[in-house]
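Colleague: I'm passing along entry-v4.txt; it holds compact mmCIF, N, CA and C atoms.
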```
# COMPACT_ATOMS: atom_id res chain seq x y z
N MET A 4 48.34 -88.90 0.51
CA MET A 4 49.16 -87.83 -0.04
C MET A 4 48.29 -86.90 -0.87
N VAL A 5 48.56 -85.62 -0.74
CA VAL A 5 47.76 -84.60 -1.42
C VAL A 5 48.57 -83.97 -2.54
N ASN A 6 47.96 -83.84 -3.70
CA ASN A 6 48.58 -83.15 -4.81
C ASN A 6 48.22 -81.67 -4.69
N THR A 7 49.01 -80.94 -3.89
CA THR A 7 48.70 -79.53 -3.65
C THR A 7 48.86 -78.69 -4.92
N GLU A 8 49.72 -79.13 -5.83
CA GLU A 8 49.89 -78.42 -7.09
C GLU A 8 48.57 -78.41 -7.87
N GLU A 9 47.94 -79.56 -7.97
CA GLU A 9 46.66 -79.68 -8.67
C GLU A 9 45.59 -78.85 -7.98
N LEU A 10 45.54 -78.93 -6.66
CA LEU A 10 44.54 -78.19 -5.89
C LEU A 10 44.77 -76.68 -6.03
N GLY A 11 46.01 -76.25 -5.90
CA GLY A 11 46.32 -74.83 -6.04
C GLY A 11 45.98 -74.28 -7.41
N ARG A 12 46.29 -75.04 -8.45
CA ARG A 12 45.97 -74.62 -9.82
C ARG A 12 44.46 -74.48 -10.00
N ALA A 13 43.73 -75.44 -9.46
CA ALA A 13 42.26 -75.42 -9.61
C ALA A 13 41.65 -74.24 -8.86
N ILE A 14 42.15 -73.95 -7.66
CA ILE A 14 41.62 -72.83 -6.88
C ILE A 14 41.88 -71.52 -7.62
N ARG A 15 43.11 -71.32 -8.05
CA ARG A 15 43.46 -70.08 -8.75
C ARG A 15 42.63 -69.92 -10.02
N ARG A 16 42.51 -71.00 -10.79
CA ARG A 16 41.75 -70.94 -12.05
C ARG A 16 40.29 -70.55 -11.77
N ARG A 17 39.66 -71.20 -10.80
CA ARG A 17 38.26 -70.91 -10.49
C ARG A 17 38.11 -69.50 -9.93
N ARG A 18 39.05 -69.09 -9.10
CA ARG A 18 39.00 -67.76 -8.51
C ARG A 18 39.09 -66.69 -9.59
N VAL A 19 39.99 -66.86 -10.56
CA VAL A 19 40.13 -65.91 -11.66
C VAL A 19 38.88 -65.92 -12.54
N GLU A 20 38.38 -67.12 -12.85
CA GLU A 20 37.17 -67.22 -13.68
C GLU A 20 36.00 -66.48 -13.06
N LEU A 21 35.88 -66.55 -11.72
CA LEU A 21 34.77 -65.92 -11.02
C LEU A 21 35.10 -64.51 -10.53
N ALA A 22 36.31 -64.04 -10.83
CA ALA A 22 36.78 -62.71 -10.41
C ALA A 22 36.64 -62.52 -8.89
N LEU A 23 37.13 -63.51 -8.15
CA LEU A 23 37.06 -63.48 -6.69
C LEU A 23 38.43 -63.23 -6.09
N SER A 24 38.44 -62.58 -4.95
CA SER A 24 39.69 -62.39 -4.20
C SER A 24 39.90 -63.61 -3.30
N LEU A 25 41.09 -63.70 -2.73
CA LEU A 25 41.35 -64.77 -1.76
C LEU A 25 40.39 -64.66 -0.58
N ARG A 26 40.09 -63.43 -0.15
CA ARG A 26 39.16 -63.21 0.95
C ARG A 26 37.77 -63.73 0.59
N ASP A 27 37.32 -63.51 -0.66
CA ASP A 27 36.01 -64.00 -1.10
C ASP A 27 35.95 -65.53 -0.99
N VAL A 28 37.00 -66.19 -1.45
CA VAL A 28 37.04 -67.65 -1.40
C VAL A 28 37.13 -68.11 0.05
N ALA A 29 37.90 -67.40 0.85
CA ALA A 29 38.01 -67.74 2.27
C ALA A 29 36.64 -67.67 2.94
N ASP A 30 35.88 -66.63 2.64
CA ASP A 30 34.54 -66.49 3.22
C ASP A 30 33.61 -67.61 2.76
N ALA A 31 33.74 -68.01 1.50
CA ALA A 31 32.86 -69.05 0.95
C ALA A 31 33.22 -70.45 1.44
N THR A 32 34.49 -70.67 1.79
CA THR A 32 34.95 -72.03 2.12
C THR A 32 35.31 -72.23 3.58
N SER A 33 35.42 -71.17 4.35
CA SER A 33 35.90 -71.23 5.74
C SER A 33 37.35 -71.71 5.83
N VAL A 34 38.10 -71.47 4.77
CA VAL A 34 39.55 -71.74 4.75
C VAL A 34 40.21 -70.36 4.73
N SER A 35 41.16 -70.13 5.61
CA SER A 35 41.74 -68.79 5.72
C SER A 35 42.40 -68.35 4.41
N ALA A 36 42.40 -67.03 4.20
CA ALA A 36 43.01 -66.47 2.99
C ALA A 36 44.50 -66.79 2.94
N SER A 37 45.17 -66.80 4.10
CA SER A 37 46.60 -67.11 4.10
C SER A 37 46.85 -68.57 3.71
N THR A 38 45.99 -69.47 4.17
CA THR A 38 46.11 -70.89 3.78
C THR A 38 45.85 -71.03 2.29
N LEU A 39 44.83 -70.35 1.78
CA LEU A 39 44.53 -70.40 0.34
C LEU A 39 45.72 -69.90 -0.48
N SER A 40 46.32 -68.81 -0.04
CA SER A 40 47.48 -68.26 -0.74
C SER A 40 48.62 -69.27 -0.78
N ARG A 41 48.90 -69.91 0.35
CA ARG A 41 49.97 -70.91 0.39
C ARG A 41 49.66 -72.10 -0.52
N ILE A 42 48.41 -72.53 -0.56
CA ILE A 42 48.03 -73.65 -1.42
C ILE A 42 48.21 -73.25 -2.89
N GLU A 43 47.72 -72.06 -3.24
CA GLU A 43 47.87 -71.58 -4.63
C GLU A 43 49.33 -71.48 -5.04
N ASN A 44 50.19 -71.09 -4.10
CA ASN A 44 51.61 -70.93 -4.40
C ASN A 44 52.40 -72.22 -4.26
N GLY A 45 51.73 -73.29 -3.85
CA GLY A 45 52.40 -74.58 -3.73
C GLY A 45 53.23 -74.76 -2.48
N THR A 46 53.06 -73.87 -1.50
CA THR A 46 53.86 -73.99 -0.28
C THR A 46 53.04 -74.49 0.91
N GLY A 47 51.75 -74.62 0.75
CA GLY A 47 50.90 -75.04 1.86
C GLY A 47 50.49 -76.49 1.76
N LYS A 48 50.28 -77.11 2.91
CA LYS A 48 49.81 -78.49 3.00
C LYS A 48 48.48 -78.48 3.75
N PRO A 49 47.35 -78.45 3.02
CA PRO A 49 46.06 -78.36 3.71
C PRO A 49 45.72 -79.64 4.47
N ASP A 50 44.96 -79.45 5.54
CA ASP A 50 44.50 -80.62 6.29
C ASP A 50 43.26 -81.21 5.61
N ALA A 51 42.79 -82.33 6.10
CA ALA A 51 41.69 -83.05 5.47
C ALA A 51 40.41 -82.21 5.39
N ASP A 52 40.12 -81.46 6.45
CA ASP A 52 38.92 -80.62 6.44
C ASP A 52 38.99 -79.56 5.34
N ASN A 53 40.15 -78.92 5.23
CA ASN A 53 40.30 -77.89 4.20
C ASN A 53 40.25 -78.48 2.80
N ILE A 54 40.83 -79.66 2.63
CA ILE A 54 40.76 -80.33 1.32
C ILE A 54 39.31 -80.58 0.95
N ALA A 55 38.55 -81.09 1.90
CA ALA A 55 37.14 -81.39 1.63
C ALA A 55 36.35 -80.12 1.31
N ARG A 56 36.59 -79.04 2.06
CA ARG A 56 35.89 -77.77 1.81
C ARG A 56 36.23 -77.23 0.43
N LEU A 57 37.50 -77.26 0.10
CA LEU A 57 37.93 -76.72 -1.18
C LEU A 57 37.45 -77.56 -2.36
N ALA A 58 37.52 -78.86 -2.22
CA ALA A 58 37.02 -79.75 -3.28
C ALA A 58 35.53 -79.52 -3.50
N SER A 59 34.80 -79.33 -2.42
CA SER A 59 33.37 -79.06 -2.53
C SER A 59 33.13 -77.74 -3.25
N TRP A 60 33.86 -76.69 -2.85
CA TRP A 60 33.71 -75.38 -3.49
C TRP A 60 34.06 -75.45 -4.98
N LEU A 61 35.07 -76.24 -5.30
CA LEU A 61 35.49 -76.40 -6.69
C LEU A 61 34.59 -77.34 -7.48
N GLN A 62 33.71 -78.04 -6.77
CA GLN A 62 32.89 -79.09 -7.37
C GLN A 62 33.80 -80.10 -8.07
N MET A 63 34.87 -80.45 -7.35
CA MET A 63 35.90 -81.34 -7.85
C MET A 63 35.94 -82.58 -6.97
N PRO A 64 36.05 -83.75 -7.56
CA PRO A 64 36.16 -84.95 -6.73
C PRO A 64 37.47 -84.93 -5.95
N ILE A 65 37.42 -85.33 -4.70
CA ILE A 65 38.62 -85.35 -3.86
C ILE A 65 39.69 -86.24 -4.49
N GLU A 66 39.28 -87.27 -5.21
CA GLU A 66 40.24 -88.17 -5.86
C GLU A 66 41.18 -87.41 -6.79
N ARG A 67 40.75 -86.26 -7.29
CA ARG A 67 41.56 -85.48 -8.21
C ARG A 67 42.83 -84.97 -7.54
N VAL A 68 42.76 -84.74 -6.23
CA VAL A 68 43.92 -84.19 -5.52
C VAL A 68 44.57 -85.17 -4.57
N MET A 69 44.06 -86.37 -4.48
CA MET A 69 44.62 -87.37 -3.58
C MET A 69 45.38 -88.43 -4.38
N HIS A 70 46.54 -88.83 -3.88
CA HIS A 70 47.32 -89.92 -4.47
C HIS A 70 47.02 -91.18 -3.67
N HIS A 71 46.82 -92.25 -4.35
CA HIS A 71 46.56 -93.52 -3.67
C HIS A 71 47.74 -94.45 -3.90
N GLY A 72 48.62 -94.49 -2.94
CA GLY A 72 49.77 -95.37 -3.03
C GLY A 72 50.93 -94.73 -3.75
N PRO A 73 52.09 -95.36 -3.65
CA PRO A 73 53.29 -94.81 -4.27
C PRO A 73 53.24 -94.89 -5.79
N ARG A 74 53.82 -93.88 -6.42
CA ARG A 74 53.90 -93.86 -7.87
C ARG A 74 55.33 -93.56 -8.26
N HIS A 75 55.75 -94.16 -9.33
CA HIS A 75 57.08 -93.91 -9.87
C HIS A 75 57.03 -92.57 -10.62
N PRO A 76 58.09 -91.77 -10.58
CA PRO A 76 58.08 -90.47 -11.26
C PRO A 76 57.76 -90.54 -12.75
N THR A 77 58.05 -91.68 -13.39
CA THR A 77 57.76 -91.78 -14.82
C THR A 77 56.36 -92.29 -15.12
N ASP A 78 55.61 -92.69 -14.06
CA ASP A 78 54.23 -93.12 -14.28
C ASP A 78 53.40 -91.93 -14.73
N PRO A 79 52.50 -92.14 -15.69
CA PRO A 79 51.64 -91.02 -16.07
C PRO A 79 50.72 -90.65 -14.92
N LYS A 80 50.43 -89.35 -14.81
CA LYS A 80 49.52 -88.90 -13.76
C LYS A 80 48.11 -89.32 -14.14
N PRO A 81 47.32 -89.77 -13.17
CA PRO A 81 45.95 -90.16 -13.50
C PRO A 81 45.14 -88.94 -13.91
N VAL A 82 44.22 -89.15 -14.82
CA VAL A 82 43.34 -88.10 -15.28
C VAL A 82 41.97 -88.37 -14.70
N VAL A 83 41.51 -87.48 -13.83
CA VAL A 83 40.20 -87.62 -13.21
C VAL A 83 39.41 -86.37 -13.54
N TYR A 84 38.31 -86.51 -14.19
CA TYR A 84 37.45 -85.36 -14.46
C TYR A 84 36.01 -85.81 -14.45
N TYR A 85 35.13 -84.84 -14.31
CA TYR A 85 33.70 -85.11 -14.25
C TYR A 85 32.98 -84.21 -15.24
N PRO A 86 31.78 -84.58 -15.64
CA PRO A 86 31.07 -83.86 -16.71
C PRO A 86 30.87 -82.37 -16.47
N HIS A 87 30.84 -81.89 -15.22
CA HIS A 87 30.62 -80.46 -15.00
C HIS A 87 31.84 -79.62 -15.37
N GLU A 88 33.00 -80.26 -15.55
CA GLU A 88 34.19 -79.50 -15.91
C GLU A 88 34.11 -79.09 -17.38
N SER A 89 34.66 -77.91 -17.65
CA SER A 89 34.64 -77.44 -19.03
C SER A 89 35.72 -78.14 -19.84
N THR A 90 35.59 -78.07 -21.13
CA THR A 90 36.52 -78.74 -22.04
C THR A 90 37.97 -78.33 -21.80
N PRO A 91 38.30 -77.05 -21.58
CA PRO A 91 39.72 -76.72 -21.34
C PRO A 91 40.32 -77.44 -20.14
N GLU A 92 39.56 -77.62 -19.07
CA GLU A 92 40.09 -78.33 -17.90
C GLU A 92 40.33 -79.80 -18.22
N ILE A 93 39.47 -80.39 -18.99
CA ILE A 93 39.64 -81.80 -19.37
C ILE A 93 40.87 -81.95 -20.26
N VAL A 94 41.01 -81.07 -21.24
CA VAL A 94 42.18 -81.12 -22.14
C VAL A 94 43.46 -80.90 -21.34
N GLU A 95 43.43 -79.94 -20.42
CA GLU A 95 44.61 -79.67 -19.59
C GLU A 95 45.02 -80.90 -18.79
N ALA A 96 44.05 -81.58 -18.20
CA ALA A 96 44.34 -82.78 -17.42
C ALA A 96 44.98 -83.85 -18.29
N HIS A 97 44.49 -84.03 -19.50
CA HIS A 97 45.05 -85.03 -20.41
C HIS A 97 46.47 -84.64 -20.86
N LEU A 98 46.67 -83.37 -21.15
CA LEU A 98 48.01 -82.93 -21.56
C LEU A 98 49.02 -83.13 -20.44
N ARG A 99 48.63 -82.82 -19.19
CA ARG A 99 49.55 -83.02 -18.07
C ARG A 99 49.86 -84.49 -17.86
N ALA A 100 48.93 -85.36 -18.21
CA ALA A 100 49.13 -86.79 -18.00
C ALA A 100 49.93 -87.44 -19.13
N ASP A 101 50.12 -86.73 -20.23
CA ASP A 101 50.81 -87.29 -21.38
C ASP A 101 52.30 -87.44 -21.08
N LYS A 102 52.78 -88.67 -21.06
CA LYS A 102 54.18 -88.91 -20.70
C LYS A 102 55.17 -88.46 -21.78
N HIS A 103 54.66 -88.10 -22.95
CA HIS A 103 55.53 -87.66 -24.04
C HIS A 103 55.75 -86.14 -24.01
N LEU A 104 55.09 -85.44 -23.10
CA LEU A 104 55.22 -83.99 -23.01
C LEU A 104 55.90 -83.61 -21.70
N THR A 105 56.75 -82.61 -21.76
CA THR A 105 57.31 -82.07 -20.52
C THR A 105 56.21 -81.25 -19.84
N ALA A 106 56.41 -80.97 -18.57
CA ALA A 106 55.43 -80.17 -17.83
C ALA A 106 55.26 -78.79 -18.47
N ASP A 107 56.36 -78.18 -18.89
CA ASP A 107 56.28 -76.85 -19.52
C ASP A 107 55.55 -76.90 -20.85
N THR A 108 55.80 -77.94 -21.64
CA THR A 108 55.11 -78.08 -22.92
C THR A 108 53.62 -78.31 -22.71
N ALA A 109 53.28 -79.17 -21.77
CA ALA A 109 51.86 -79.43 -21.48
C ALA A 109 51.17 -78.15 -21.04
N LYS A 110 51.84 -77.36 -20.20
CA LYS A 110 51.25 -76.10 -19.72
C LYS A 110 51.06 -75.13 -20.89
N ALA A 111 52.06 -75.01 -21.75
CA ALA A 111 51.96 -74.10 -22.90
C ALA A 111 50.84 -74.52 -23.84
N LEU A 112 50.75 -75.80 -24.14
CA LEU A 112 49.68 -76.29 -25.01
C LEU A 112 48.32 -76.08 -24.38
N SER A 113 48.25 -76.28 -23.09
CA SER A 113 47.00 -76.08 -22.37
C SER A 113 46.53 -74.64 -22.47
N GLU A 114 47.46 -73.70 -22.25
CA GLU A 114 47.11 -72.28 -22.33
C GLU A 114 46.72 -71.89 -23.75
N LEU A 115 47.43 -72.43 -24.72
CA LEU A 115 47.10 -72.18 -26.12
C LEU A 115 45.69 -72.67 -26.44
N PHE A 116 45.39 -73.87 -25.99
CA PHE A 116 44.05 -74.43 -26.22
C PHE A 116 42.99 -73.60 -25.51
N ARG A 117 43.27 -73.19 -24.27
CA ARG A 117 42.30 -72.41 -23.49
C ARG A 117 41.96 -71.10 -24.21
N VAL A 118 42.98 -70.40 -24.71
CA VAL A 118 42.76 -69.15 -25.43
C VAL A 118 41.94 -69.39 -26.69
N ALA A 119 42.33 -70.39 -27.47
CA ALA A 119 41.59 -70.69 -28.71
C ALA A 119 40.16 -71.11 -28.40
N TYR A 120 39.98 -71.94 -27.40
CA TYR A 120 38.65 -72.41 -27.04
C TYR A 120 37.76 -71.24 -26.62
N THR A 121 38.32 -70.36 -25.80
CA THR A 121 37.55 -69.20 -25.34
C THR A 121 37.15 -68.31 -26.52
N GLN A 122 38.09 -68.07 -27.40
CA GLN A 122 37.81 -67.22 -28.55
C GLN A 122 36.76 -67.84 -29.46
N PHE A 123 36.93 -69.10 -29.80
CA PHE A 123 36.01 -69.73 -30.74
C PHE A 123 34.67 -70.08 -30.11
N SER A 124 34.65 -70.42 -28.82
CA SER A 124 33.36 -70.74 -28.20
C SER A 124 32.53 -69.48 -28.06
N GLN A 125 33.14 -68.33 -27.83
CA GLN A 125 32.40 -67.07 -27.77
C GLN A 125 31.91 -66.68 -29.16
N THR A 126 32.75 -66.92 -30.18
CA THR A 126 32.34 -66.62 -31.56
C THR A 126 31.15 -67.49 -31.93
N SER A 127 31.21 -68.78 -31.57
CA SER A 127 30.10 -69.69 -31.89
C SER A 127 28.83 -69.26 -31.18
N THR A 128 28.95 -68.79 -29.93
CA THR A 128 27.79 -68.35 -29.17
C THR A 128 27.17 -67.11 -29.83
N ARG A 129 28.02 -66.17 -30.25
CA ARG A 129 27.51 -64.96 -30.89
C ARG A 129 26.80 -65.29 -32.19
N LYS A 130 27.33 -66.23 -32.97
CA LYS A 130 26.71 -66.58 -34.25
C LYS A 130 25.34 -67.23 -34.04
N ARG A 131 25.24 -68.03 -32.96
CA ARG A 131 23.96 -68.69 -32.68
C ARG A 131 22.92 -67.72 -32.15
N GLY A 132 23.39 -66.69 -31.41
CA GLY A 132 22.50 -65.78 -30.70
C GLY A 132 21.90 -64.76 -31.53
```
Would you put the structure from the file into structure tokens?

Modeller:
Amino acid sequence: MVNTEELGRAIRRRRVELALSLRDVADATSVSASTLSRIENGTGKPDADNIARLASWLQMPIERVMHHGPRHPTDPKPVVYYPHESTPEIVEAHLRADKHLTADTAKALSELFRVAYTQFSQTSTRKRG
């Protein structure tokens, strides 16, 4: 089973960070722009080849988007991250996995943290430079 929501979020986030169009990502991954759009919007179900291409482009472990076995809806979502991910992505993954937060609350806190992190990490960089 594929967590297309996680994959779509990751693609959109990386695409925005790199200021790329869907066509740019399609050219880089050999996954069609229409398929990418459907994945980002949560309506597409990518095949194994596309999952592998996209995970590679994202430098994301495939385990991050694959479910292994049935899970109960109240089970916390597993948090899988690797050292190349930035702190906001790690915090976002933990917030989404927190069973005490609703999905909307986790998303709001994640965005709040991302904005604060970006502002303060740039301020810290300027002070050091």

Colleague: Could you tell me which of A:Ser124, A:Ser40, A:Thr7, A:Ser33 comes closest to A:Trp60 if we count only C-alpha atoms?

Modeller: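 The closest residue to A:Trp60 is A:Ser33.
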
Colleague: How many Å lie between atom CA of A:Ile42 and atom CA of A:Gly11, rounded to one decimal?

Modeller: 5.1 Å

Colleague: Going by DSSP on the backbone, which residues of stretch 12-128 of chain A come out as alpha helix (DSSP H)? List them as a PyMOL selection string.

Modeller: chain A and resi 12-20+25-32+36-43+51-61+90-100+106-128

Colleague: One decimal, Å: what's the distance from atom CA of A:Arg15 over to atom N of A:Asp52, could you say?

Modeller: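 Computing it gives 19.3 Å between the two atoms.
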
Colleague: What is the atom CA of A:Val68 to atom CA of A:Glu9 distance in Å?

Modeller: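 For atom CA of A:Val68 relative to atom CA of A:Glu9, the distance reads 6.1 Å.
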
Colleague: Report as a PyMOL selection string all protein, DNA and RNA residues lying within 12 Å of stretch 17-21 of chain A, evaluated on only C-alpha atoms, omitting residues in the same chain fewer than 6 positions from it.

Modeller: chain A and resi 10-11+27-29+31+39-40+43+57-58+60-63+88-89+92+121
